$ cat work_18.pdb   # PDB, C-alpha atoms, pLDDT in the B column
ATOM      1  CA  MET A   1     140.950 122.824  59.045  1.00 56.00           C
ATOM      2  CA  THR A   2     143.518 123.025  61.796  1.00 62.00           C
ATOM      3  CA  GLY A   3     147.080 122.064  60.957  1.00 65.00           C
ATOM      4  CA  ARG A   4     146.643 118.719  62.715  1.00 64.00           C
ATOM      5  CA  ARG A   5     143.507 117.757  60.806  1.00 65.00           C
ATOM      6  CA  ALA A   6     145.021 118.897  57.517  1.00 70.00           C
ATOM      7  CA  ALA A   7     147.993 116.607  58.134  1.00 70.00           C
ATOM      8  CA  GLU A   8     145.693 113.706  59.019  1.00 73.00           C
ATOM      9  CA  ALA A   9     143.624 114.253  55.875  1.00 79.00           C
ATOM     10  CA  ARG A  10     146.729 114.422  53.671  1.00 87.00           C
ATOM     11  CA  LEU A  11     146.383 110.733  52.777  1.00 93.00           C
ATOM     12  CA  LEU A  12     142.677 110.259  53.368  1.00 93.00           C
ATOM     13  CA  GLU A  13     141.449 112.978  51.022  1.00 93.00           C
ATOM     14  CA  PRO A  14     143.310 111.846  47.861  1.00 95.00           C
ATOM     15  CA  ALA A  15     142.565 108.180  48.644  1.00 97.00           C
ATOM     16  CA  ILE A  16     138.847 108.912  48.752  1.00 96.00           C
ATOM     17  CA  GLY A  17     139.095 110.994  45.585  1.00 96.00           C
ATOM     18  CA  TYR A  18     140.857 108.164  43.761  1.00 98.00           C
ATOM     19  CA  ALA A  19     138.307 105.576  44.901  1.00 98.00           C
ATOM     20  CA  LEU A  20     135.395 107.806  43.902  1.00 97.00           C
ATOM     21  CA  ASP A  21     136.929 108.152  40.442  1.00 97.00           C
ATOM     22  CA  ALA A  22     137.404 104.383  40.214  1.00 97.00           C
ATOM     23  CA  ILE A  23     133.832 103.593  41.221  1.00 97.00           C
ATOM     24  CA  GLU A  24     132.485 105.687  38.355  1.00 96.00           C
ATOM     25  CA  ALA A  25     133.271 102.712  36.100  1.00 96.00           C
ATOM     26  CA  VAL A  26     131.159 100.283  38.169  1.00 96.00           C
ATOM     27  CA  THR A  27     127.814  99.529  36.561  1.00 95.00           C
ATOM     28  CA  PRO A  28     125.149  97.041  37.709  1.00 94.00           C
ATOM     29  CA  ASP A  29     126.169  94.469  35.111  1.00 96.00           C
ATOM     30  CA  LEU A  30     129.731  94.456  36.487  1.00 96.00           C
ATOM     31  CA  LEU A  31     128.811  93.726  40.112  1.00 96.00           C
ATOM     32  CA  SER A  32     129.264  89.986  39.617  1.00 96.00           C
ATOM     33  CA  ARG A  33     132.732  90.407  38.101  1.00 95.00           C
ATOM     34  CA  ALA A  34     135.670  88.933  40.027  1.00 94.00           C
ATOM     35  CA  THR A  35     138.119  91.249  41.775  1.00 94.00           C
ATOM     36  CA  PRO A  36     141.780  90.978  42.822  1.00 92.00           C
ATOM     37  CA  CYS A  37     140.454  89.817  46.231  1.00 87.00           C
ATOM     38  CA  ARG A  38     140.080  86.160  45.350  1.00 81.00           C
ATOM     39  CA  GLY A  39     136.626  84.786  45.911  1.00 86.00           C
ATOM     40  CA  TRP A  40     135.093  88.266  46.048  1.00 92.00           C
ATOM     41  CA  ASP A  41     133.078  89.811  43.267  1.00 95.00           C
ATOM     42  CA  LEU A  42     132.566  93.566  42.979  1.00 96.00           C
ATOM     43  CA  ARG A  43     129.360  93.497  45.002  1.00 95.00           C
ATOM     44  CA  MET A  44     131.116  91.771  47.906  1.00 94.00           C
ATOM     45  CA  LEU A  45     134.083  94.113  47.666  1.00 96.00           C
ATOM     46  CA  LEU A  46     131.850  97.189  47.727  1.00 96.00           C
ATOM     47  CA  ARG A  47     129.989  95.845  50.744  1.00 93.00           C
ATOM     48  CA  HIS A  48     133.270  95.315  52.608  1.00 93.00           C
ATOM     49  CA  ALA A  49     134.630  98.723  51.597  1.00 95.00           C
ATOM     50  CA  SER A  50     131.396 100.438  52.627  1.00 94.00           C
ATOM     51  CA  GLU A  51     131.548  98.700  56.016  1.00 92.00           C
ATOM     52  CA  SER A  52     135.087 100.052  56.426  1.00 92.00           C
ATOM     53  CA  LEU A  53     133.905 103.556  55.593  1.00 94.00           C
ATOM     54  CA  ALA A  54     131.075 103.240  58.101  1.00 92.00           C
ATOM     55  CA  ALA A  55     133.541 102.145  60.787  1.00 91.00           C
ATOM     56  CA  LEU A  56     135.782 105.122  60.070  1.00 92.00           C
ATOM     57  CA  CYS A  57     132.788 107.466  60.248  1.00 90.00           C
ATOM     58  CA  GLU A  58     131.856 105.875  63.563  1.00 90.00           C
ATOM     59  CA  GLY A  59     135.337 106.592  64.888  1.00 88.00           C
ATOM     60  CA  VAL A  60     135.241 110.213  63.774  1.00 87.00           C
ATOM     61  CA  GLY A  61     131.744 110.856  65.060  1.00 85.00           C
ATOM     62  CA  GLY A  62     131.761 108.909  68.319  1.00 85.00           C
ATOM     63  CA  GLY A  63     135.404 108.376  69.170  1.00 87.00           C
ATOM     64  CA  ARG A  64     135.013 104.597  69.079  1.00 87.00           C
ATOM     65  CA  VAL A  65     135.024 101.916  66.396  1.00 87.00           C
ATOM     66  CA  GLY A  66     132.924  98.801  67.039  1.00 77.00           C
ATOM     67  CA  LEU A  67     134.331  95.364  66.381  1.00 73.00           C
ATOM     68  CA  ARG A  68     131.313  94.264  64.357  1.00 72.00           C
ATOM     69  CA  PRO A  69     129.912  96.027  61.275  1.00 68.00           C
ATOM     70  CA  THR A  70     126.502  97.615  61.375  1.00 68.00           C
ATOM     71  CA  PRO A  71     123.898  95.377  59.701  1.00 68.00           C
ATOM     72  CA  GLU A  72     123.439  96.302  56.057  1.00 64.00           C
ATOM     73  CA  ASP A  73     120.082  97.890  55.248  1.00 63.00           C
ATOM     74  CA  GLU A  74     118.028  97.155  52.138  1.00 61.00           C
ATOM     75  CA  ASP A  75     118.957 100.398  50.403  1.00 63.00           C
ATOM     76  CA  ALA A  76     122.672  99.725  50.860  1.00 68.00           C
ATOM     77  CA  ALA A  77     122.311  96.210  49.478  1.00 74.00           C
ATOM     78  CA  ALA A  78     120.236  97.388  46.525  1.00 84.00           C
ATOM     79  CA  ASP A  79     122.670 100.096  45.419  1.00 92.00           C
ATOM     80  CA  PRO A  80     126.212  99.332  46.667  1.00 94.00           C
ATOM     81  CA  VAL A  81     127.789 101.957  44.407  1.00 95.00           C
ATOM     82  CA  ARG A  82     125.683 104.776  45.832  1.00 95.00           C
ATOM     83  CA  THR A  83     126.268 103.470  49.360  1.00 94.00           C
ATOM     84  CA  PHE A  84     130.027 103.555  48.890  1.00 96.00           C
ATOM     85  CA  ARG A  85     129.916 107.005  47.313  1.00 96.00           C
ATOM     86  CA  ASP A  86     127.683 108.429  50.058  1.00 95.00           C
ATOM     87  CA  ARG A  87     129.747 106.990  52.899  1.00 94.00           C
ATOM     88  CA  ALA A  88     133.024 108.142  51.340  1.00 96.00           C
ATOM     89  CA  SER A  89     131.698 111.696  51.049  1.00 93.00           C
ATOM     90  CA  LEU A  90     130.322 111.542  54.588  1.00 93.00           C
ATOM     91  CA  LEU A  91     133.682 110.408  55.959  1.00 93.00           C
ATOM     92  CA  LEU A  92     135.610 113.150  54.204  1.00 90.00           C
ATOM     93  CA  GLY A  93     133.145 115.778  55.384  1.00 89.00           C
ATOM     94  CA  ALA A  94     133.279 114.512  58.973  1.00 87.00           C
ATOM     95  CA  TRP A  95     137.068 114.424  59.032  1.00 85.00           C
ATOM     96  CA  THR A  96     137.599 117.861  57.558  1.00 81.00           C
ATOM     97  CA  GLY A  97     134.574 119.527  59.177  1.00 80.00           C
ATOM     98  CA  ALA A  98     134.399 122.069  61.953  1.00 62.00           C
ATOM     99  CA  THR A  99     135.028 119.621  64.797  1.00 77.00           C
ATOM    100  CA  GLY A 100     136.886 116.794  63.081  1.00 76.00           C
ATOM    101  CA  PRO A 101     137.918 113.595  64.867  1.00 81.00           C
ATOM    102  CA  PRO A 102     138.491 113.402  68.630  1.00 83.00           C
ATOM    103  CA  GLU A 103     141.968 113.379  70.143  1.00 84.00           C
ATOM    104  CA  VAL A 104     141.960 109.574  70.444  1.00 88.00           C
ATOM    105  CA  ILE A 105     139.756 106.883  68.920  1.00 91.00           C
ATOM    106  CA  ALA A 106     139.038 103.672  70.830  1.00 91.00           C
ATOM    107  CA  ILE A 107     139.006 100.251  69.171  1.00 88.00           C
ATOM    108  CA  ALA A 108     138.112  97.571  71.723  1.00 81.00           C
ATOM    109  CA  ASP A 109     140.591  98.103  74.589  1.00 82.00           C
ATOM    110  CA  ARG A 110     143.081 100.092  72.489  1.00 85.00           C
ATOM    111  CA  CYS A 111     143.258 103.780  71.687  1.00 89.00           C
ATOM    112  CA  LEU A 112     144.649 105.176  68.442  1.00 87.00           C
ATOM    113  CA  PRO A 113     145.615 108.698  67.453  1.00 89.00           C
ATOM    114  CA  PRO A 114     143.288 109.840  64.678  1.00 89.00           C
ATOM    115  CA  GLY A 115     146.228 110.206  62.282  1.00 88.00           C
ATOM    116  CA  ILE A 116     146.919 106.463  62.470  1.00 90.00           C
ATOM    117  CA  LEU A 117     143.276 105.671  61.792  1.00 90.00           C
ATOM    118  CA  ALA A 118     143.287 108.096  58.857  1.00 91.00           C
ATOM    119  CA  ALA A 119     146.376 106.419  57.385  1.00 93.00           C
ATOM    120  CA  ALA A 120     144.831 102.959  57.795  1.00 92.00           C
ATOM    121  CA  GLY A 121     141.623 104.194  56.188  1.00 94.00           C
ATOM    122  CA  ALA A 122     143.512 105.778  53.305  1.00 96.00           C
ATOM    123  CA  LEU A 123     145.388 102.538  52.638  1.00 96.00           C
ATOM    124  CA  GLU A 124     142.198 100.494  52.726  1.00 95.00           C
ATOM    125  CA  ILE A 125     140.242 102.893  50.514  1.00 97.00           C
ATOM    126  CA  ALA A 126     142.984 103.417  47.926  1.00 97.00           C
ATOM    127  CA  VAL A 127     143.783  99.724  47.543  1.00 97.00           C
ATOM    128  CA  HIS A 128     140.129  98.781  47.203  1.00 97.00           C
ATOM    129  CA  GLY A 129     139.715 101.598  44.691  1.00 97.00           C
ATOM    130  CA  TRP A 130     142.542  99.923  42.765  1.00 97.00           C
ATOM    131  CA  ASP A 131     140.683  96.609  43.067  1.00 96.00           C
ATOM    132  CA  MET A 132     137.563  98.203  41.591  1.00 96.00           C
ATOM    133  CA  SER A 133     139.490  99.689  38.695  1.00 96.00           C
ATOM    134  CA  GLN A 134     141.164  96.364  37.935  1.00 95.00           C
ATOM    135  CA  ALA A 135     137.879  94.471  38.057  1.00 95.00           C
ATOM    136  CA  CYS A 136     136.241  96.959  35.676  1.00 95.00           C
ATOM    137  CA  GLY A 137     139.124  96.624  33.221  1.00 93.00           C
ATOM    138  CA  HIS A 138     140.202 100.264  33.482  1.00 91.00           C
ATOM    139  CA  CYS A 139     143.356  99.434  35.484  1.00 92.00           C
ATOM    140  CA  ARG A 140     143.751 103.043  36.631  1.00 94.00           C
ATOM    141  CA  PRO A 141     146.853 103.312  38.841  1.00 96.00           C
ATOM    142  CA  ILE A 142     146.837 104.885  42.274  1.00 97.00           C
ATOM    143  CA  PRO A 143     148.316 108.400  41.863  1.00 97.00           C
ATOM    144  CA  ALA A 144     152.089 108.244  42.226  1.00 97.00           C
ATOM    145  CA  LEU A 145     152.376 110.685  45.126  1.00 96.00           C
ATOM    146  CA  LEU A 146     149.599 108.993  47.086  1.00 96.00           C
ATOM    147  CA  ALA A 147     151.003 105.520  46.415  1.00 97.00           C
ATOM    148  CA  THR A 148     154.485 106.653  47.471  1.00 96.00           C
ATOM    149  CA  ASP A 149     153.170 108.088  50.722  1.00 95.00           C
ATOM    150  CA  LEU A 150     151.142 104.949  51.410  1.00 96.00           C
ATOM    151  CA  LEU A 151     154.190 102.779  50.750  1.00 96.00           C
ATOM    152  CA  GLU A 152     155.898 104.588  53.618  1.00 95.00           C
ATOM    153  CA  VAL A 153     153.158 103.831  56.137  1.00 94.00           C
ATOM    154  CA  ALA A 154     151.998 100.439  54.825  1.00 94.00           C
ATOM    155  CA  PRO A 155     154.743  98.396  56.576  1.00 93.00           C
ATOM    156  CA  LEU A 156     153.693  99.960  59.886  1.00 91.00           C
ATOM    157  CA  LEU A 157     150.044  99.072  59.335  1.00 92.00           C
ATOM    158  CA  VAL A 158     150.555  95.683  57.653  1.00 92.00           C
ATOM    159  CA  PRO A 159     153.691  94.167  59.241  1.00 83.00           C
ATOM    160  CA  ALA A 160     155.690  91.397  57.614  1.00 79.00           C
ATOM    161  CA  LEU A 161     154.835  88.965  60.410  1.00 78.00           C
ATOM    162  CA  GLY A 162     151.282  88.114  61.336  1.00 75.00           C
ATOM    163  CA  ARG A 163     149.654  89.187  58.056  1.00 79.00           C
ATOM    164  CA  HIS A 164     147.644  85.984  57.771  1.00 76.00           C
ATOM    165  CA  PRO A 165     144.640  85.673  57.745  1.00 76.00           C
ATOM    166  CA  LEU A 166     143.804  89.358  57.204  1.00 77.00           C
ATOM    167  CA  PHE A 167     146.258  90.013  54.364  1.00 83.00           C
ATOM    168  CA  ALA A 168     147.805  87.970  51.585  1.00 85.00           C
ATOM    169  CA  ALA A 169     151.572  87.724  51.327  1.00 88.00           C
ATOM    170  CA  PRO A 170     153.424  90.299  49.206  1.00 91.00           C
ATOM    171  CA  VAL A 171     154.066  89.314  45.601  1.00 91.00           C
ATOM    172  CA  ALA A 172     157.130  89.900  43.477  1.00 91.00           C
ATOM    173  CA  VAL A 173     157.252  93.075  41.437  1.00 90.00           C
ATOM    174  CA  ALA A 174     159.634  94.378  38.779  1.00 89.00           C
ATOM    175  CA  PRO A 175     162.428  96.611  40.154  1.00 86.00           C
ATOM    176  CA  MET A 176     161.282  99.511  37.979  1.00 91.00           C
ATOM    177  CA  ALA A 177     157.588  99.139  38.795  1.00 93.00           C
ATOM    178  CA  ASP A 178     155.711 102.344  39.500  1.00 95.00           C
ATOM    179  CA  PRO A 179     154.544 103.199  43.048  1.00 96.00           C
ATOM    180  CA  SER A 180     150.998 101.993  42.363  1.00 96.00           C
ATOM    181  CA  ASP A 181     152.166  98.537  41.282  1.00 95.00           C
ATOM    182  CA  ARG A 182     154.617  98.344  44.197  1.00 96.00           C
ATOM    183  CA  LEU A 183     151.867  99.194  46.669  1.00 96.00           C
ATOM    184  CA  ALA A 184     149.524  96.645  45.089  1.00 95.00           C
ATOM    185  CA  ALA A 185     152.289  94.027  45.247  1.00 94.00           C
ATOM    186  CA  PHE A 186     152.971  94.801  48.907  1.00 94.00           C
ATOM    187  CA  MET A 187     149.270  94.216  49.587  1.00 94.00           C
ATOM    188  CA  GLY A 188     149.394  90.847  47.817  1.00 91.00           C
ATOM    189  CA  ARG A 189     148.102  91.885  44.418  1.00 91.00           C
ATOM    190  CA  ALA A 190     149.594  91.529  40.954  1.00 80.00           C
ATOM    191  CA  ALA A 191     147.744  93.494  38.296  1.00 64.00           C
ATOM    192  CA  ALA A 192     148.472  91.410  35.195  1.00 48.00           C
ATOM    193  CA  VAL A 193     147.707  88.111  36.913  1.00 41.00           C
ATOM    194  CA  ARG A 194     144.557  89.414  38.530  1.00 40.00           C
ATOM    195  CA  ASN A 195     143.222  90.758  35.232  1.00 42.00           C
ATOM    196  CA  ARG A 196     143.425  87.296  33.685  1.00 39.00           C
ATOM    197  CA  GLU A 197     141.732  85.800  36.742  1.00 40.00           C
ATOM    198  CA  SER A 198     138.942  88.379  36.554  1.00 39.00           C
ATOM    199  CA  ARG A 199     138.058  87.260  33.070  1.00 39.00           C
ATOM    200  CA  ALA A 200     138.220  83.618  34.119  1.00 39.00           C
ATOM    201  CA  GLY A 201     136.040  84.097  37.195  1.00 42.00           C
ATOM    202  CA  PRO A 202     136.677  83.907  40.946  1.00 40.00           C
ATOM    203  CA  ARG A 203     138.873  81.293  42.583  1.00 39.00           C
ATOM    204  CA  GLN A 204     138.923  80.054  46.161  1.00 38.00           C
ATOM    205  CA  PRO A 205     138.944  82.738  48.868  1.00 40.00           C
ATOM    206  CA  GLU A 206     142.283  83.813  50.259  1.00 44.00           C
ATOM    207  CA  PRO A 207     143.312  86.394  52.862  1.00 40.00           C
ATOM    208  CA  ARG A 208     142.799  90.022  52.049  1.00 49.00           C
TER
END
$ encode --input "work_18.pdb" --output "C-alpha cells"
Amino acid sequence: MTGRRAAEARLLEPAIGYALDAIEAVTPDLLSRATPCRGWDLRMLLRHASESLAALCEGVGGGRVGLRPTPEDEDAAADPVRTFRDRASLLLGAWTGATGPPEVIAIADRCLPPGILAAAGALEIAVHGWDMSQACGHCRPIPALLATDLLEVAPLLVPALGRHPLFAAPVAVAPMADPSDRLAAFMGRAAAVRNRESRAGPRQPEPR
C-alpha cells in the first residue's frame, strides 16, 4: 500500500477484523435475537451492515456511492452471516489492493476524500460489530486503541446537533469507563441496559 492508503486503512482494517471476530458467535438460532438497535433483531442488523459494506465497496470500486441500497438477492437473505463476512473481506481487499480508492468519492452532489469515507465506514462497522457481540451475549469490547481512535473522529462524523433521526442521543457513561463503553455511549448505546433488553425482546424502533 501507499502511505496514503495505509493511513486510510488504519481504522478500517481493525474495525473489519473486530466485526469479523464478533460475527463468529452468530448462529442461525440467534438471528431473531434483539440487538442494541431497538426494534432490530440480528438478521435486520446484519442486512443493514451488509448494505453499508456494499455501499463502501461501491465507493472504492466506482468512485460513487448511490443513495439507495442495491436490492438484496436470495443468497444474501438466506445466509446473512456469510454475506456480511464476504462483503467485509471484499471491502478490505479493494481498499488495500493495487489501485485502492479513487482520489475523491462522490455521494449525491458531494465529494468526500476517501479517508473520511474510510473513517465513517470504520465507525459503522466497529459499532455494529459491538452490537452483534452484545446481542450474542459475548459482550466483547471494541479494542481499546481502535475505540480511542474512533472516539476522536466520531464527533466529526456524528455531530451533537442534527443526530436525529439517523442516530440516537448519547447516553451517560461512568467517568472511568473504558474506550469501548465510551464509544458505545456516544453512539447512543449502554451495554448493561441493552443486554437486559435483548433478553426481554425488542422494543419500539428508535434512531440508530
$ resolve_selection --input "work_18.pdb" --expression "the PyMOL selection byres ((chain A and resi 121) around 8)" --output "list in words"
Leu12, Ser52, Leu53, Leu56, Leu117, Ala118, Ala119, Ala120, Ala122, Leu123, Glu124 and Ile125 of chain A
$ closest_residue --input "work_18.pdb" --among "A:Arg68, A:Arg33, A:Arg47, A:Arg182" --to "A:Arg85" --atoms "only C-alpha atoms"
A:Arg47
$ resolve_selection --input "work_18.pdb" --expression "the PyMOL selection byres ((chain A and resi 31) around 10)" --output "list in words"
Val26, Thr27, Pro28, Asp29, Leu30, Ser32, Arg33, Ala34, Thr35, Asp41, Leu42, Arg43, Met44, Leu45, Leu46, Pro80, Val81, Met132, Ala135 and Cys136 of chain A
$ closest_residue --input "work_18.pdb" --among "A:Asp178, A:Glu103, A:Glu13, A:Asp131" --to "A:Ala88" --atoms "only C-alpha atoms"
A:Glu13
$ closest_atom_pairs --input "work_18.pdb" --of "stretch 10-46 of chain A" --to "stretch 147-166 of chain A" --cutoff "10 Å" --atoms "all atoms listed in the file" --output "Markdown table"
| residue | atom | partner | partner_atom | distance |
| --- | --- | --- | --- | --- |
| A:Arg10 | CA | A:Asp149 | CA | 9.5 |
| A:Leu11 | CA | A:Asp149 | CA | 7.6 |
| A:Ala15 | CA | A:Ala147 | CA | 9.1 |
$ atom_distance --input "work_18.pdb" --atom1 "atom CA of A:Asp181" --atom2 "atom CA of A:His138"
14.4 Å
$ residues_near_point --input "work_18.pdb" --point "(136.1, 104.9, 38.4)" --cutoff "9 Å" --atoms "all atoms listed in the file" --output "ChimeraX atom specification"
/A:18-26,129,132-133,136,138,140
$ atom_distance --input "work_18.pdb" --atom1 "atom CA of A:Pro141" --atom2 "atom CA of A:Ala185"
12.5 Å
$ build_atoms --input "work_18.pdb" --residues "stretch 129-155 of chain A" --atoms "N, CA and C atoms" --output "short mmCIF file (atom, residue, chain, number, x, y, z; two decimals), keeping the file's coordinate frame"
data_model
loop_
_atom_site.label_atom_id
_atom_site.label_comp_id
_atom_site.auth_asym_id
_atom_site.auth_seq_id
_atom_site.Cartn_x
_atom_site.Cartn_y
_atom_site.Cartn_z
N GLY A 129 139.99 100.86 45.92
CA GLY A 129 139.72 101.60 44.69
C GLY A 129 140.48 100.99 43.53
N TRP A 130 141.73 100.60 43.79
CA TRP A 130 142.54 99.92 42.76
C TRP A 130 141.88 98.60 42.37
N ASP A 131 141.38 97.86 43.36
CA ASP A 131 140.68 96.61 43.07
C ASP A 131 139.49 96.85 42.13
N MET A 132 138.73 97.89 42.43
CA MET A 132 137.56 98.20 41.59
C MET A 132 137.99 98.49 40.15
N SER A 133 139.03 99.31 40.03
CA SER A 133 139.49 99.69 38.70
C SER A 133 139.98 98.48 37.92
N GLN A 134 140.69 97.58 38.59
CA GLN A 134 141.16 96.36 37.94
C GLN A 134 139.99 95.50 37.49
N ALA A 135 139.02 95.33 38.38
CA ALA A 135 137.88 94.47 38.06
C ALA A 135 137.07 95.02 36.89
N CYS A 136 136.99 96.34 36.77
CA CYS A 136 136.24 96.96 35.68
C CYS A 136 137.02 96.99 34.37
N GLY A 137 138.31 96.62 34.42
CA GLY A 137 139.12 96.62 33.22
C GLY A 137 139.76 97.95 32.89
N HIS A 138 139.59 98.96 33.75
CA HIS A 138 140.20 100.26 33.48
C HIS A 138 141.65 100.31 33.93
N CYS A 139 141.98 99.55 34.98
CA CYS A 139 143.36 99.43 35.48
C CYS A 139 143.99 100.80 35.73
N ARG A 140 143.24 101.71 36.33
CA ARG A 140 143.75 103.04 36.63
C ARG A 140 144.68 102.97 37.84
N PRO A 141 145.92 103.42 37.71
CA PRO A 141 146.85 103.31 38.84
C PRO A 141 146.51 104.29 39.96
N ILE A 142 146.92 103.95 41.16
CA ILE A 142 146.84 104.88 42.27
C ILE A 142 147.80 106.02 41.97
N PRO A 143 147.41 107.28 42.15
CA PRO A 143 148.32 108.40 41.86
C PRO A 143 149.68 108.21 42.53
N ALA A 144 150.73 108.56 41.79
CA ALA A 144 152.09 108.24 42.23
C ALA A 144 152.41 108.82 43.60
N LEU A 145 152.05 110.08 43.85
CA LEU A 145 152.38 110.68 45.13
C LEU A 145 151.65 109.99 46.27
N LEU A 146 150.37 109.69 46.07
CA LEU A 146 149.60 108.99 47.09
C LEU A 146 150.17 107.61 47.33
N ALA A 147 150.45 106.87 46.26
CA ALA A 147 151.00 105.52 46.42
C ALA A 147 152.35 105.54 47.12
N THR A 148 153.18 106.53 46.81
CA THR A 148 154.49 106.65 47.47
C THR A 148 154.32 106.90 48.96
N ASP A 149 153.41 107.80 49.31
CA ASP A 149 153.17 108.09 50.72
C ASP A 149 152.61 106.86 51.44
N LEU A 150 151.72 106.14 50.78
CA LEU A 150 151.14 104.95 51.41
C LEU A 150 152.17 103.84 51.56
N LEU A 151 153.12 103.77 50.63
CA LEU A 151 154.19 102.78 50.75
C LEU A 151 155.03 103.03 52.00
N GLU A 152 155.12 104.27 52.43
CA GLU A 152 155.90 104.59 53.62
C GLU A 152 155.20 104.12 54.89
N VAL A 153 153.88 104.19 54.91
CA VAL A 153 153.16 103.83 56.14
C VAL A 153 152.66 102.39 56.11
N ALA A 154 152.57 101.78 54.93
CA ALA A 154 152.00 100.44 54.82
C ALA A 154 152.73 99.41 55.68
N PRO A 155 154.08 99.39 55.73
CA PRO A 155 154.74 98.40 56.58
C PRO A 155 154.44 98.56 58.06
#
